[in-house]
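Peer 1: This one is upload00.cif, mmCIF, C-alpha atoms and all ligand atoms.
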```cif
data_final
#
loop_
_atom_site.label_atom_id
_atom_site.label_comp_id
_atom_site.auth_asym_id
_atom_site.auth_seq_id
_atom_site.Cartn_x
_atom_site.Cartn_y
_atom_site.Cartn_z
CA MET A 249 30.60 -0.38 222.40
CA LEU A 250 28.86 -3.65 221.60
CA HIS A 251 26.21 -4.85 224.02
CA VAL A 252 25.02 -8.43 223.72
CA ASN A 253 22.14 -8.58 226.17
CA ASN A 254 20.97 -11.94 227.44
CA ILE A 255 20.49 -13.59 224.06
CA THR A 256 19.13 -17.04 223.35
CA PHE A 257 19.12 -18.68 219.93
CA SER A 258 18.06 -22.04 218.49
CA TYR A 259 18.14 -23.39 214.94
CA ASN A 260 15.30 -25.77 215.81
CA THR A 261 13.92 -26.56 219.25
CA THR A 262 17.09 -26.93 221.36
CA PRO A 263 19.01 -23.72 222.08
CA VAL A 264 22.54 -23.52 220.66
CA LEU A 265 23.24 -20.47 222.84
CA LYS A 266 21.40 -19.60 226.04
CA ASP A 267 21.36 -16.34 228.07
CA ILE A 268 24.58 -15.05 226.56
CA ASP A 269 25.49 -11.66 227.97
CA PHE A 270 28.67 -9.63 227.34
CA THR A 271 30.03 -6.32 226.10
CA VAL A 272 32.96 -5.42 223.87
CA ASN A 273 34.69 -2.06 224.26
CA ASP A 274 35.62 0.18 221.34
CA GLY A 275 38.91 -0.93 219.78
CA GLU A 276 38.99 -4.13 221.82
CA TYR A 277 39.85 -7.55 220.35
CA LEU A 278 37.63 -10.25 221.86
CA ALA A 279 38.44 -13.87 220.99
CA ILE A 280 35.69 -16.50 221.13
CA LEU A 281 37.05 -19.90 222.02
CA GLY A 282 35.29 -23.22 222.42
CA GLU A 283 35.27 -26.73 221.08
CA SER A 284 33.88 -27.49 217.64
CA GLY A 285 30.09 -27.14 217.63
CA SER A 286 29.99 -24.93 220.73
CA GLY A 287 28.34 -22.11 218.82
CA LYS A 288 31.18 -19.70 217.95
CA SER A 289 30.15 -19.17 214.31
CA THR A 290 26.50 -18.97 215.33
CA LEU A 291 27.34 -16.21 217.79
CA LEU A 292 29.12 -14.19 215.09
CA LYS A 293 26.19 -14.63 212.70
CA ILE A 294 23.77 -13.48 215.40
CA ILE A 295 25.85 -10.36 216.10
CA TYR A 296 25.95 -9.63 212.37
CA GLY A 297 22.16 -9.94 212.25
CA ILE A 298 21.74 -12.88 209.88
CA LEU A 299 20.06 -15.13 212.42
CA GLN A 300 16.90 -14.21 214.28
CA LEU A 301 17.15 -14.25 218.08
CA ASP A 302 14.65 -16.14 220.24
CA LYS A 303 15.35 -13.74 223.08
CA GLY A 304 17.58 -10.78 223.97
CA THR A 305 18.94 -7.73 222.16
CA ILE A 306 22.16 -6.57 220.51
CA PHE A 307 23.30 -2.94 220.30
CA TRP A 308 26.30 -1.24 218.72
CA ASP A 309 26.21 2.05 220.63
CA ASP A 310 22.63 3.23 220.05
CA ASN A 311 22.01 1.11 216.97
CA GLN A 312 20.06 -2.06 217.52
CA VAL A 313 21.08 -5.02 215.37
CA LEU A 314 17.85 -6.36 213.96
CA GLY A 315 17.63 -9.88 212.61
CA PRO A 316 16.44 -11.03 209.17
CA ASP A 317 12.78 -10.73 210.23
CA TYR A 318 13.29 -6.95 210.24
CA ASN A 319 16.18 -6.43 207.82
CA LEU A 320 15.70 -7.76 204.30
CA ILE A 321 19.36 -7.22 203.44
CA PRO A 322 21.42 -8.55 206.31
CA GLY A 323 24.37 -6.64 207.70
CA GLU A 324 24.88 -3.17 209.07
CA LYS A 325 27.08 -0.46 207.52
CA TYR A 326 29.35 -0.14 210.54
CA MET A 327 29.91 -3.88 210.86
CA LYS A 328 31.62 -6.41 208.58
CA TYR A 329 31.63 -10.17 208.84
CA LEU A 330 34.14 -12.48 207.22
CA SER A 331 32.64 -15.93 207.11
CA GLN A 332 34.37 -19.21 206.37
CA ASP A 333 33.23 -18.91 202.75
CA PHE A 334 34.91 -15.72 201.67
CA ASP A 335 32.19 -14.01 199.58
CA LEU A 336 34.53 -12.90 196.77
CA MET A 337 33.81 -12.10 193.12
CA PRO A 338 35.67 -14.88 191.28
CA PHE A 339 35.77 -13.40 187.78
CA ILE A 340 37.36 -10.05 188.59
CA THR A 341 40.91 -9.37 189.76
CA VAL A 342 42.24 -9.22 193.29
CA GLU A 343 42.55 -5.42 193.24
CA GLU A 344 39.06 -5.02 191.79
CA ASN A 345 37.67 -7.20 194.58
CA VAL A 346 39.40 -5.10 197.22
CA SER A 347 38.59 -1.70 195.72
CA GLN A 348 34.99 -2.52 194.88
CA TYR A 349 33.63 -0.68 197.89
CA LEU A 350 35.99 2.30 197.72
CA SER A 351 34.88 5.60 196.25
CA VAL A 352 35.75 6.04 192.58
CA PHE A 353 35.52 9.81 193.02
CA TYR A 354 38.97 9.81 194.63
CA PRO A 355 41.04 7.63 192.29
CA GLU A 356 44.39 8.44 193.96
CA GLU A 357 43.03 7.51 197.36
CA LEU A 358 41.40 4.38 195.95
CA LYS A 359 44.73 3.26 194.48
CA ALA A 360 46.73 4.03 197.62
CA ARG A 361 44.24 2.31 199.91
CA THR A 362 44.02 -0.78 197.68
CA GLU A 363 47.83 -1.00 197.64
CA GLU A 364 48.03 -0.57 201.42
CA LEU A 365 45.53 -3.37 202.00
CA LEU A 366 47.11 -5.74 199.48
CA GLU A 367 50.47 -5.16 201.09
CA MET A 368 49.00 -5.88 204.50
CA VAL A 369 47.76 -9.30 203.37
CA GLU A 370 50.91 -9.88 201.29
CA MET A 371 49.02 -10.11 197.99
CA THR A 372 50.58 -7.21 196.06
CA SER A 373 52.08 -9.47 193.41
CA PHE A 374 48.63 -10.95 192.67
CA ALA A 375 46.86 -7.59 192.21
CA LYS A 376 46.04 -8.26 188.56
CA THR A 377 45.16 -11.94 188.97
CA LYS A 378 41.55 -13.12 188.73
CA VAL A 379 40.35 -14.43 192.09
CA LYS A 380 39.16 -17.77 190.64
CA LEU A 381 42.81 -18.60 189.87
CA LEU A 382 43.94 -18.24 193.49
CA SER A 383 44.45 -20.95 196.11
CA GLY A 384 42.14 -21.16 199.15
CA GLY A 385 44.68 -19.41 201.39
CA GLN A 386 45.25 -16.61 198.87
CA GLN A 387 41.49 -16.12 198.54
CA GLN A 388 41.19 -15.89 202.30
CA ARG A 389 43.81 -13.12 202.33
CA VAL A 390 41.95 -11.19 199.62
CA ALA A 391 38.71 -11.61 201.54
CA LEU A 392 40.36 -10.07 204.61
CA ALA A 393 41.56 -7.08 202.59
CA ARG A 394 38.09 -6.71 201.08
CA VAL A 395 36.27 -6.49 204.42
CA LEU A 396 38.87 -4.05 205.72
CA ALA A 397 38.46 -1.84 202.66
CA GLN A 398 34.94 -1.16 203.82
CA GLU A 399 36.32 0.49 206.98
CA PRO A 400 34.07 -1.19 209.51
CA GLU A 401 33.86 0.04 213.08
CA ILE A 402 33.48 -3.54 214.19
CA LEU A 403 34.84 -6.59 212.40
CA LEU A 404 33.66 -10.17 212.92
CA LEU A 405 36.09 -12.84 211.76
CA ASP A 406 35.36 -16.56 211.64
CA GLU A 407 38.60 -18.59 211.66
CA PRO A 408 40.38 -15.87 209.62
CA PHE A 409 43.58 -17.84 209.01
CA SER A 410 42.17 -21.34 208.62
CA HIS A 411 43.36 -21.75 205.01
CA ILE A 412 46.67 -19.95 205.37
CA ASP A 413 49.97 -21.83 205.60
CA ASN A 414 52.16 -21.59 208.71
CA PHE A 415 54.84 -19.88 206.68
CA ARG A 416 52.60 -16.81 206.27
CA LYS A 417 50.30 -17.08 209.25
CA ASN A 418 52.61 -15.55 211.85
CA SER A 419 53.50 -12.42 209.92
CA LEU A 420 49.94 -12.02 208.70
CA ARG A 421 48.55 -12.21 212.22
CA ARG A 422 50.98 -9.56 213.43
CA ARG A 423 50.11 -7.29 210.50
CA LEU A 424 46.36 -7.73 210.83
CA PHE A 425 46.05 -7.33 214.59
CA GLY A 426 48.53 -4.43 214.52
CA TYR A 427 46.45 -2.76 211.80
CA LEU A 428 43.18 -3.24 213.73
CA LYS A 429 44.69 -1.72 216.89
CA ARG A 430 46.15 1.24 215.00
CA LYS A 431 42.81 1.93 213.34
CA LYS A 432 40.94 1.26 216.62
CA ILE A 433 38.66 -1.27 214.92
CA THR A 434 36.73 -3.41 217.37
CA CYS A 435 37.17 -7.03 216.50
CA ILE A 436 35.61 -10.36 217.47
CA VAL A 437 37.34 -13.50 216.26
CA ALA A 438 36.03 -17.06 216.50
CA THR A 439 38.96 -19.42 216.46
CA HIS A 440 40.51 -22.69 217.62
CA ASP A 441 44.03 -21.36 217.37
CA GLU A 442 45.66 -20.10 220.55
CA LYS A 443 48.40 -18.46 218.48
CA GLU A 444 46.02 -15.83 217.20
CA VAL A 445 44.63 -15.29 220.68
CA LEU A 446 47.38 -15.28 223.31
CA PRO A 447 49.66 -12.60 221.80
CA PHE A 448 46.90 -10.33 220.52
CA ALA A 449 43.45 -10.69 222.14
CA ASP A 450 42.49 -8.30 224.93
CA ARG A 451 39.83 -10.62 226.27
CA ILE A 452 38.55 -14.15 225.77
CA LEU A 453 35.04 -15.50 225.84
CA VAL A 454 34.83 -19.27 226.26
CA VAL A 455 31.57 -20.94 225.20
CA LYS A 456 30.54 -24.43 226.22
CA ASP A 457 27.19 -26.21 226.51
CA GLN A 458 25.27 -23.17 225.23
CA GLU A 459 26.68 -20.87 227.90
CA ILE A 460 29.61 -18.58 228.65
CA LEU A 461 32.13 -20.54 230.67
CA ALA A 462 34.59 -17.66 231.02
CA ASN A 463 34.88 -14.02 230.02
CA GLU A 464 38.25 -12.72 231.18
CA LYS A 465 41.37 -10.82 230.21
CA THR A 466 43.64 -13.02 228.12
CA GLU A 467 46.50 -13.14 230.58
CA THR A 468 44.24 -13.78 233.58
CA LEU A 469 42.48 -16.66 231.87
CA TYR A 470 45.70 -18.22 230.63
CA ASN A 471 47.39 -17.98 234.03
CA ASN A 472 44.42 -19.21 235.97
CA PRO A 473 42.22 -21.45 233.83
CA LYS A 474 39.41 -22.61 236.07
CA SER A 475 39.02 -25.95 234.31
CA LEU A 476 40.87 -28.47 232.21
CA TYR A 477 38.58 -27.55 229.31
CA VAL A 478 39.72 -23.92 229.36
CA ALA A 479 43.42 -24.79 229.81
CA SER A 480 43.27 -27.28 226.95
CA LEU A 481 42.18 -24.50 224.59
CA PHE A 482 45.65 -22.98 225.11
CA ALA A 483 48.04 -25.90 225.55
CA GLU A 484 48.40 -29.55 226.60
CA ALA A 485 47.19 -29.63 230.21
CA ASN A 486 46.41 -31.98 233.11
CA LEU A 487 44.03 -32.03 236.05
CA LEU A 488 45.97 -33.02 239.17
CA PRO A 489 43.68 -34.50 241.80
CA ILE A 490 43.98 -33.31 245.43
CA SER A 491 45.03 -36.82 246.40
CA THR A 492 48.19 -36.36 244.33
CA ILE A 493 49.12 -32.88 245.47
CA LYS A 494 48.10 -32.88 249.12
CA GLU A 495 51.60 -33.98 250.11
CA TYR A 496 52.91 -30.68 248.76
CA THR A 497 50.25 -28.17 249.66
CA GLU A 498 47.05 -27.44 251.58
CA ALA A 499 45.03 -27.75 248.38
CA LYS A 500 41.29 -28.16 248.73
CA LYS A 501 40.59 -28.73 245.05
CA ASP A 502 42.04 -30.42 241.98
CA ILE A 503 44.32 -28.11 240.06
CA VAL A 504 45.10 -27.58 236.41
CA VAL A 505 48.76 -27.87 235.42
CA TYR A 506 50.02 -27.18 231.90
CA ALA A 507 52.36 -29.85 230.59
CA HIS A 508 55.21 -27.31 230.40
CA GLU A 509 54.78 -26.40 234.07
CA PHE A 510 56.03 -29.77 235.29
CA LYS A 511 59.73 -29.99 236.08
CA VAL A 512 61.31 -33.41 235.63
CA SER A 513 63.44 -34.79 238.46
CA GLU A 514 65.39 -38.06 238.77
CA THR A 515 64.84 -38.28 242.53
CA SER A 516 61.56 -36.99 243.96
CA GLY A 517 58.06 -35.82 243.10
CA ILE A 518 55.10 -37.55 241.45
CA GLU A 519 56.45 -40.79 240.02
CA VAL A 520 55.45 -41.61 236.44
CA ARG A 521 56.46 -44.21 233.90
CA VAL A 522 56.95 -42.73 230.45
CA ILE A 523 54.65 -44.39 227.90
CA ASN A 524 54.92 -41.99 224.96
CA SER A 525 57.33 -39.35 223.75
CA TYR A 526 56.63 -36.89 220.92
CA ALA A 527 59.21 -34.60 219.30
CA MET A 528 57.64 -31.13 219.07
CA GLY A 529 60.56 -29.29 217.50
CA SER A 530 62.12 -27.22 220.26
CA TYR A 531 60.97 -29.59 223.06
CA TYR A 532 59.55 -33.07 223.72
CA LEU A 533 56.04 -33.81 224.92
CA MET A 534 55.87 -36.94 227.06
CA GLU A 535 52.98 -38.96 228.43
CA GLY A 536 53.62 -40.65 231.74
CA ILE A 537 51.39 -42.79 233.94
CA THR A 538 51.08 -42.84 237.72
CA GLU A 539 49.14 -45.62 239.46
CA ASP A 540 45.84 -44.08 238.46
CA GLN A 541 46.21 -41.40 235.82
CA SER A 542 48.13 -40.31 232.78
CA LEU A 543 50.01 -36.98 232.87
CA PHE A 544 51.47 -34.95 230.01
CA PHE A 545 54.72 -33.08 230.61
CA THR A 546 57.47 -31.52 228.53
CA ASP A 547 61.23 -31.49 228.66
CA SER A 548 64.02 -30.23 226.45
CA LYS A 549 65.31 -33.82 226.09
CA SER A 550 63.41 -36.93 225.11
CA ILE A 551 62.99 -39.45 227.92
CA GLU A 552 63.09 -43.10 227.00
CA VAL A 553 59.74 -44.90 226.94
CA GLY A 554 59.55 -47.29 229.93
CA LYS A 555 61.75 -45.13 232.18
CA ASN A 556 60.48 -43.87 235.56
CA VAL A 557 60.90 -40.18 236.38
CA PHE A 558 59.45 -37.76 238.93
CA LEU A 559 57.37 -34.68 238.18
CA ASN A 560 57.31 -31.51 240.27
CA VAL A 561 55.15 -28.41 240.20
CA SER A 562 56.60 -25.19 241.59
CA LEU A 563 54.96 -23.55 244.59
CA GLU A 564 54.48 -20.48 242.42
CA VAL A 565 52.25 -22.45 240.02
CA LEU A 566 50.39 -24.16 242.88
CA ASN A 567 49.71 -20.87 244.63
CA LYS A 568 48.62 -19.24 241.38
CA ARG A 569 46.07 -22.00 240.76
CA LEU A 570 44.88 -22.15 244.33
CA ALA A 571 44.40 -18.37 244.59
N1 LIG B 1 22.18 -24.06 209.79
C1 LIG B 1 22.13 -24.86 210.87
N2 LIG B 1 21.02 -25.59 211.13
C2 LIG B 1 20.93 -26.38 212.22
N3 LIG B 1 21.92 -26.52 213.14
C3 LIG B 1 23.06 -25.84 212.92
C4 LIG B 1 23.24 -24.97 211.78
N4 LIG B 1 24.46 -24.42 211.84
C5 LIG B 1 25.06 -24.91 212.96
N5 LIG B 1 24.21 -25.76 213.61
C6 LIG B 1 24.49 -26.45 214.89
O1 LIG B 1 24.70 -25.47 215.88
C7 LIG B 1 25.77 -25.84 216.76
C8 LIG B 1 26.83 -24.75 216.77
O2 LIG B 1 27.43 -24.67 215.49
P1 LIG B 1 28.54 -23.59 215.15
O3 LIG B 1 28.88 -23.75 213.71
O4 LIG B 1 28.10 -22.26 215.62
O5 LIG B 1 29.75 -24.09 216.08
P2 LIG B 1 31.28 -23.66 216.07
O6 LIG B 1 31.67 -23.52 217.51
O7 LIG B 1 31.47 -22.46 215.22
O8 LIG B 1 31.98 -24.93 215.42
P3 LIG B 1 33.34 -25.04 214.56
O9 LIG B 1 34.43 -24.65 215.53
O10 LIG B 1 33.38 -26.47 214.19
O11 LIG B 1 33.22 -24.08 213.41
C9 LIG B 1 26.27 -27.19 216.26
O12 LIG B 1 25.68 -28.20 217.03
C10 LIG B 1 25.78 -27.25 214.82
O13 LIG B 1 25.53 -28.57 214.43
#
```
Is it possible to express this structure as structure tokens?
Peer 2:
Amino acid sequence: MLHVNNITFSYNTTPVLKDIDFTVNDGEYLAILGESGSGKSTLLKIIYGILQLDKGTIFWDDNQVLGPDYNLIPGEKYMKYLSQDFDLMPFITVEENVSQYLSVFYPEELKARTEELLEMVEMTSFAKTKVKLLSGGQQQRVALARVLAQEPEILLLDEPFSHIDNFRKNSLRRRLFGYLKRKKITCIVATHDEKEVLPFADRILVVKDQEILANEKTETLYNNPKSLYVASLFAEANLLPISTIKEYTEAKKDIVVYAHEFKVSETSGIEVRVINSYAMGSYYLMEGITEDQSLFFTDSKSIEVGKNVFLNVSLEVLNKRLA
């Protein structure tokens, strides 16, 4: 189990992270979400032990992670970190990069394991290619295989699919997160992409303004985001003021409504005039304005710009948010 105990860190005088406190269970996948600059990468680097804490401690079971002041060579044996710059050996082949940390005393095992990992990241056909000849996305896939070859107990990934095309991303995510669960590897991923969080992460940590804004099970946080900031990390969302919803419910606070939770009606509800319509593939995202705010909603059909329609929120959604 990972224990991050009340840590504070600053690069210069102002803290980037303040009094951060959480745990990660064995085999759990924790996603770190937050806007750009909120400190996600910094938090991973601290956990890996390459930045020196101002305050607090970090433990993996009984092992304390000591920072660079105490550890000349950063990194712990049981932990691997995949940063945004992949740390590959450019002049040797893909399979040599992946097998570099495997034992040469068991050549059969080394071969089988290298093949398994290359298959997992869909790079088998590039096994004999020198890394310097690969694209950014291909290099990122090799880097993933390389950190996994080292059989970490805990894996820290910083935007692991940032260079990978959509065509591959979905299958790669399923393979990777399936593999980590099967092998019971604890994993912490810093990301902007809800698609690698919602279907796979056990828990989400949201960081904002140096602090933890939320630390909850994925489904709980998605279903009941306490703020527009949190909801917007998952999907297009709106903050409906009490003044707008008090006709429908006994609400005592503004509530967050995802754009897809509005139902469009021709006759009653919150009246909006459509000012923008965006084709999103399987649905349309529309922006409408009331007298005093703009609201995003979706529908299976495009609604003409300039047209007035009415938006409704189901009681189920209202009750969920007001709970
Ligand atoms: N080496 C550094 N020296 C000084 N300040 C830094 C350094 N690295 C990051 N920062 C600052 O620390 C804050 C957090 O940066 P960090 O890279 O951890 O954010 P992030 O949430 O990972 O962002 P992104 O999503 O854009 O990768 C930012 O304000 C950034 O400017």
Peer 1: Using all atoms listed in the file, determine which residues lie at most 12 Å from region 461-464 of chain A, disregarding the query and same-chain residues fewer than 6 positions distant; provide the list as a VMD selection string.
Peer 2: chain A and resid 265 to 272 278 to 283 286 449 to 455 470 to 479
Peer 1: Restricting the calculation to only C-alpha atoms and all ligand atoms, which member of A:Glu444, A:Asp413, A:Asp502, A:Asp406 is positioned closest to ligand LIG 1 (chain B)?
Peer 2: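 Closest candidate: A:Asp406.
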Peer 1: Can you tell me which residues surround Asn418 (chain A) at a distance of at most 9 Å, considering all atoms listed in the file, apart from same-chain residues fewer than 4 positions away, and format the answer as a list in words?
Peer 2: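 Those residues are Asn414, Arg422, Arg423, Lys443 and Glu444 of chain A.
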Peer 1: What does the distance from CA of Val390 (chain A) to CA of Ala438 (chain A) come to in Å, to one decimal?
Peer 2: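 Computing it gives 18.8 Å between the two atoms.
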Peer 1: Taking only C-alpha atoms and all ligand atoms and a cut-off of 12 Å, can you tell me which residues surround ligand LIG 1 (chain B), written as a PDB file with C-alpha atoms, in the coordinates of the input?
Peer 2:
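Final output, saved to result.pdb:
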```pdb
ATOM      1  CA  PHE A 257      19.120 -18.680 219.930  1.00  0.00           C
ATOM      2  CA  SER A 258      18.060 -22.040 218.490  1.00  0.00           C
ATOM      3  CA  TYR A 259      18.140 -23.390 214.940  1.00  0.00           C
ATOM      4  CA  ASN A 260      15.300 -25.770 215.810  1.00  0.00           C
ATOM      5  CA  THR A 261      13.920 -26.560 219.250  1.00  0.00           C
ATOM      6  CA  THR A 262      17.090 -26.930 221.360  1.00  0.00           C
ATOM      7  CA  PRO A 263      19.010 -23.720 222.080  1.00  0.00           C
ATOM      8  CA  VAL A 264      22.540 -23.520 220.660  1.00  0.00           C
ATOM      9  CA  LEU A 265      23.240 -20.470 222.840  1.00  0.00           C
ATOM     10  CA  LYS A 266      21.400 -19.600 226.040  1.00  0.00           C
ATOM     11  CA  ILE A 280      35.690 -16.500 221.130  1.00  0.00           C
ATOM     12  CA  LEU A 281      37.050 -19.900 222.020  1.00  0.00           C
ATOM     13  CA  GLY A 282      35.290 -23.220 222.420  1.00  0.00           C
ATOM     14  CA  GLU A 283      35.270 -26.730 221.080  1.00  0.00           C
ATOM     15  CA  SER A 284      33.880 -27.490 217.640  1.00  0.00           C
ATOM     16  CA  GLY A 285      30.090 -27.140 217.630  1.00  0.00           C
ATOM     17  CA  SER A 286      29.990 -24.930 220.730  1.00  0.00           C
ATOM     18  CA  GLY A 287      28.340 -22.110 218.820  1.00  0.00           C
ATOM     19  CA  LYS A 288      31.180 -19.700 217.950  1.00  0.00           C
ATOM     20  CA  SER A 289      30.150 -19.170 214.310  1.00  0.00           C
ATOM     21  CA  THR A 290      26.500 -18.970 215.330  1.00  0.00           C
ATOM     22  CA  LEU A 291      27.340 -16.210 217.790  1.00  0.00           C
ATOM     23  CA  LEU A 292      29.120 -14.190 215.090  1.00  0.00           C
ATOM     24  CA  LYS A 293      26.190 -14.630 212.700  1.00  0.00           C
ATOM     25  CA  ILE A 294      23.770 -13.480 215.400  1.00  0.00           C
ATOM     26  CA  ILE A 298      21.740 -12.880 209.880  1.00  0.00           C
ATOM     27  CA  LEU A 299      20.060 -15.130 212.420  1.00  0.00           C
ATOM     28  CA  SER A 331      32.640 -15.930 207.110  1.00  0.00           C
ATOM     29  CA  GLN A 332      34.370 -19.210 206.370  1.00  0.00           C
ATOM     30  CA  ASP A 333      33.230 -18.910 202.750  1.00  0.00           C
ATOM     31  CA  LEU A 405      36.090 -12.840 211.760  1.00  0.00           C
ATOM     32  CA  ASP A 406      35.360 -16.560 211.640  1.00  0.00           C
ATOM     33  CA  GLU A 407      38.600 -18.590 211.660  1.00  0.00           C
ATOM     34  CA  PRO A 408      40.380 -15.870 209.620  1.00  0.00           C
ATOM     35  CA  SER A 410      42.170 -21.340 208.620  1.00  0.00           C
ATOM     36  CA  VAL A 437      37.340 -13.500 216.260  1.00  0.00           C
ATOM     37  CA  ALA A 438      36.030 -17.060 216.500  1.00  0.00           C
ATOM     38  CA  THR A 439      38.960 -19.420 216.460  1.00  0.00           C
ATOM     39  CA  HIS A 440      40.510 -22.690 217.620  1.00  0.00           C
ATOM     40  CA  ASP A 441      44.030 -21.360 217.370  1.00  0.00           C
ATOM     41  CA  VAL A 454      34.830 -19.270 226.260  1.00  0.00           C
ATOM     42  CA  VAL A 455      31.570 -20.940 225.200  1.00  0.00           C
ATOM     43  CA  LYS A 456      30.540 -24.430 226.220  1.00  0.00           C
ATOM     44  CA  ASP A 457      27.190 -26.210 226.510  1.00  0.00           C
ATOM     45  CA  GLN A 458      25.270 -23.170 225.230  1.00  0.00           C
ATOM     46  CA  GLU A 459      26.680 -20.870 227.900  1.00  0.00           C
ATOM     47  CA  LEU A 481      42.180 -24.500 224.590  1.00  0.00           C
TER      48      LEU A 481
END
```
Peer 1: Can you pull out every residue within 12 Å of Gln386 (chain A), counting only C-alpha atoms, but drop anything in the same chain fewer than 2 positions away, and send it as a PyMOL selection string?
Peer 2: chain A and resi 334+336+342+366+369-375+377-384+388-393+408-413+416-417+420
Peer 1: Given 4 Å of margin on each side, can you work out the centre and size in Å (one decimal) of an axis-aligned box holding every listed atom of region 339-343 of chain A, as lines of an AutoDock Vina configuration file?
Peer 2:
```
center_x = 39.2
center_y = -9.4
center_z = 190.5
size_x = 14.8
size_y = 16.0
size_z = 13.5
```
Peer 1: What separation in Å, quoted to one decimal, exists between CA of Ile295 (chain A) and CA of Met368 (chain A)?
Peer 2: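 Going from CA of Ile295 (chain A) over to CA of Met368 (chain A), I get 26.3 Å.
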Peer 1: Within 8 Å of Arg521 (chain A), counting all atoms listed in the file, which residues qualify if same-chain residues fewer than 6 places away don't, as a PDB file with C-alpha atoms, in the frame of the given file?
Peer 2:
```pdb
ATOM      1  CA  GLY A 536      53.620 -40.650 231.740  1.00  0.00           C
ATOM      2  CA  ILE A 537      51.390 -42.790 233.940  1.00  0.00           C
ATOM      3  CA  THR A 538      51.080 -42.840 237.720  1.00  0.00           C
ATOM      4  CA  VAL A 553      59.740 -44.900 226.940  1.00  0.00           C
ATOM      5  CA  GLY A 554      59.550 -47.290 229.930  1.00  0.00           C
ATOM      6  CA  LYS A 555      61.750 -45.130 232.180  1.00  0.00           C
ATOM      7  CA  ASN A 556      60.480 -43.870 235.560  1.00  0.00           C
ATOM      8  CA  VAL A 557      60.900 -40.180 236.380  1.00  0.00           C
TER       9      VAL A 557
END
```
Peer 1: CA of Asp317 (chain A) to CA of Tyr349 (chain A): how many Å, to one decimal?
Peer 2: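 If I compute the distance from CA of Asp317 (chain A) to CA of Tyr349 (chain A), I get 26.2 Å.
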Peer 1: So, with all atoms listed in the file as the atoms that count, which of A:Leu488, A:Leu428, A:Leu559, A:Met249 lies closest to Gln312 (chain A)?
Peer 2: A:Met249
Peer 1: Have a look at A:Met528, A:Ile402, A:Leu533, A:Val561 and name the one nearest to Lys511 (chain A); count only C-alpha atoms.
Peer 2: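 Nearest candidate to Lys511 (chain A) out of A:Met528, A:Ile402, A:Leu533, A:Val561: A:Val561.
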Peer 1: List the spatial neighbours of Asp547 (chain A) as a PyMOL selection string - criterion: any atom at most 9 Å away, all atoms listed in the file, same-chain residues fewer than 4 positions off excluded.
Peer 2: chain A and resi 508+510-512+531-534+551
Peer 1: Return the single residue from A:Tyr277, A:Phe545, A:Tyr354, A:Phe307 that is closest to Leu446 (chain A), with distances computed using only C-alpha atoms.
Peer 2: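 Checking each candidate against Leu446 (chain A), we get A:Tyr277 as the closest.
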Peer 1: Which of these residues is nearest to Gly517 (chain A), using only C-alpha atoms: A:Thr341, A:Ser480, A:Asn486, A:Ser562?
Peer 2: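 Among the listed residues, the smallest separation from Gly517 (chain A) belongs to A:Ser562.
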Peer 1: Here is a test: counting all atoms listed in the file, which residue of A:Ser513, A:Gln348, A:Asp540, A:Lys432 is nearest to Asp274 (chain A)?
Peer 2: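 Of A:Ser513, A:Gln348, A:Asp540, A:Lys432, the one nearest Asp274 (chain A), counting all atoms listed in the file, is A:Lys432.
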